[in-house]
Amino acid sequence: MIAKPQIAKSSAGAAPAITVENLSFTYHGSDEPALRGISFIQSAGEMIGIVGASGVGKSTLAKCLNRIIPEFEGGRFAGRVIIGNRSFEDLAVHDVAGAVGMVFQDFEAQLFSTNVAHEVAFAMEQAGMSRAEMVRRIGPALQAVGLAGFEHRDPTTLSGGEKQRLAIAAVLALEPGVIVMDEPTTDLDPEGRAEVFALIQHLRAQGLTLVVIEHETGELRGCDRILLMREGAIAADAPPGELFTRIDLLEESGVRPPDLNRVLAGLGISQPADDVDQAEVLIRCTFPNLPHPLASAIDAPSDSMKLSAETPLVELNDLTFSYAADRRALDAVSLKVMPGEFVAVIGQNGSGKTTLAKHIIGLLTPERGRVMLDGRDRSQLRPAESAHLVGYVFQNPDHQIFAATVEDEVKFGPRNFGLPADEIEHRCAEVLRAVNLEHERAADPFLLGKGQRQRLAVASVLALRPRLLILDEPTTGLDYREQRRMMTLVSDLNRAGIAIVMITHTPSLVAEYARRVILMRSGRIIFDGPVGGFFAQHELLRTSSFRAPEVIELAARLGTIAATPEKLANWIRDHR
């Protein structure tokens, strides 16, 4: 077991674990402060969640807590950070590492050693610990995160959730009293997210002081307090049960309120709900005449898949592929995607989702089987023909953006295929309007925000006018406001006739936007059907570690199927 944090004591009792006094910071080259007069006190053993839109200063604040700012990232710094009773003004980052541990959003960037034990030992080596002390700490650190027995595993062979837990173990081995986690579950599948947040609650029970930055408010309901940040300042500091009922404030701040509270607020119920059971009790107490449905009615799927006589846009026949001789990434996969469909492809990390997409667009060649696009063999199509049929947007837009300006990025594809200048200009203007970047034509793409870069990547693909758009995790790393903007764009494209294949780990996106679900596991398709039917498959969801959104669970309890809080609230009002 990891040692409990040793927080300095004062004559008045336990000192606060973190004291931040009037903290301000402006990055070099910027006129706008990233932080504006931040002040708060966090007690020892307390867990604080930090929420806010992208760019409001959350990560900047986190880096100030362990001196990465201003030591490594310079600028105008003012104010004080005190951990326990020790001020950090004159300390270097390595002096602070033993008191404040940091787990970054890009956890894979923290991992580089050849085995798990070496990974945990690295930070201790930098702190100058003796070999005997490092050996003593490695076992308990791995035990605390559920990785005992993994000492000799190569970190690259671990799952996403295991890699994140390893990054946390490396921090725990330093035995800090405070751990700061900056969006610790970004890019993880639902199972990985559940693993990490279960670990966070375990660490909290051990007495560690935790600061967790997270976009998903539902994951932070177990915190003691939530700090809501806007424009570099703290806009609210309150317990989750209080703050998460302030729906308008959260949405104005670019934060998604918990769906259960959105349902309750839509019904005029001011109390919060921590889970589906509480929400159902509150609703039935307020509306006692609501029906109590039979289980058979709850489980009935709400939609059906209609067969079409059209030629499939994509047809995969017995597709098989392996990255290594001992493991198949795709194992005899067959499926069809019809014109105008909206398909969600889901499954745990490593299940074959991205490998499937890369075969459709031709980045990979199957060992066996065939890819057909619009009735023609994919391998026989010229690049211009396939680009007109299928476009692909990477999970990380920086993997496909390269031009000096937004305009050049969008025009690259049409120019490469030899379109006339007036047609290129027409398409550029058209797609930039569609993604709301028409005023950024001369901007450097790499100076845009993450959401803007994601929309630019979509625009550069749309300029080739594909009939099918494949999006790999289109909302990863985006705040609530940017997620809604992205998904509104995707929905508009689908309504305009473009078929959508969306690879995602986010259940709410599947429920709200898709009409068909393909669930993959170990390179095989284990479910292919309508969304309503998928979320009614309770045992399949459980074994796939893919939980239905809370609003769908609540709707089922009440006898209906509703994908959004607004739709469920409307149904309840109609049936009260």
# chains A, B, ... in the order shown; residues from 1 in each chain; ligands from 1
>>> select_by_dssp(residues="region 287-366 of chain A", states="alpha helix (DSSP H)", output="VMD selection string")
chain A and resid 295 to 298 353 to 360
>>> residues_around(residues="Val116 (chain A)", least_positions_apart="2", cutoff="10 Å", atoms="only C-alpha atoms", output="MDAnalysis selection string")
chainID A and resid 111:114 118:121 138 142 147 149:156 158 163 166:167 169:170
>>> write_last_selection(atoms="C-alpha atoms", output="compact mmCIF listing (two decimals), in the first residue's frame")
# COMPACT_ATOMS: atom_id res chain seq x y z
CA LEU A 111 6.15 6.32 -21.06
CA PHE A 112 9.41 5.40 -22.75
CA SER A 113 11.19 2.66 -20.79
CA THR A 114 11.67 -0.95 -21.89
CA HIS A 118 11.99 0.62 -15.21
CA GLU A 119 9.18 3.05 -16.01
CA VAL A 120 8.22 3.32 -12.36
CA ALA A 121 11.88 3.62 -11.33
CA ILE A 138 8.12 -0.24 -7.14
CA LEU A 142 2.20 -1.17 -9.01
CA LEU A 147 -0.49 -3.78 -12.08
CA GLY A 149 3.01 -8.87 -11.71
CA PHE A 150 3.48 -6.57 -14.72
CA GLU A 151 7.05 -5.61 -13.78
CA HIS A 152 8.66 -7.17 -16.86
CA ARG A 153 5.99 -6.25 -19.42
CA ASP A 154 6.85 -3.88 -22.27
CA PRO A 155 4.71 -0.73 -21.72
CA THR A 156 3.83 -0.65 -25.44
CA LEU A 158 -0.38 -2.60 -22.38
CA LYS A 163 -0.74 2.59 -19.70
CA LEU A 166 1.31 2.85 -15.16
CA ALA A 167 1.82 6.61 -15.58
CA ALA A 169 2.14 4.38 -10.61
CA ALA A 170 5.31 6.21 -11.65
>>> residues_around(residues="region 251-257 of chain A", least_positions_apart="3", cutoff="7 Å", atoms="only C-alpha atoms", output="list in words")
Gly52, Ala53, Thr217, Arg230, Phe244, Ile247, Asp248, Asn261, Arg262, Asp479, Tyr480 and Arg481 of chain A
>>> closest_residue(among="A:Gln452, A:Thr365, A:Asn416, A:Asn317", to="Asp398 (chain A)", atoms="only C-alpha atoms")
A:Gln452
>>> residues_around(residues="Gln105 (chain A)", least_positions_apart="3", cutoff="10 Å", atoms="only C-alpha atoms", output="NGL selection string")
:A and (59 or 102 or 108-110 or 164 or 181-187 or 213-214 or 477)
>>> residues_around(residues="Pro190 (chain A)", least_positions_apart="2", cutoff="8 Å", atoms="only C-alpha atoms", output="list in words")
Leu188, Gly192, Arg193, Ala194, Gln348, His505, Thr506, Ser545, Phe546 and Arg547 of chain A
>>> residues_around(residues="Arg328 (chain A)", least_positions_apart="3", cutoff="10 Å", atoms="only C-alpha atoms", output="list in words")
Thr320, Phe321, Ser322, Tyr323, Ala324, Ala325, Asp331, Ala332, Ser351, Gly352, Ser522, Gly523 and Arg524 of chain A
>>> atom_distance(atom1="CA of Phe25 (chain A)", atom2="CA of Gly57 (chain A)")
9.4 Å
>>> residues_around(residues="Tyr27 (chain A)", least_positions_apart="6", cutoff="12 Å", atoms="only C-alpha atoms", output="MDAnalysis selection string")
chainID A and resid 33:35 57 60 69:70 72:78
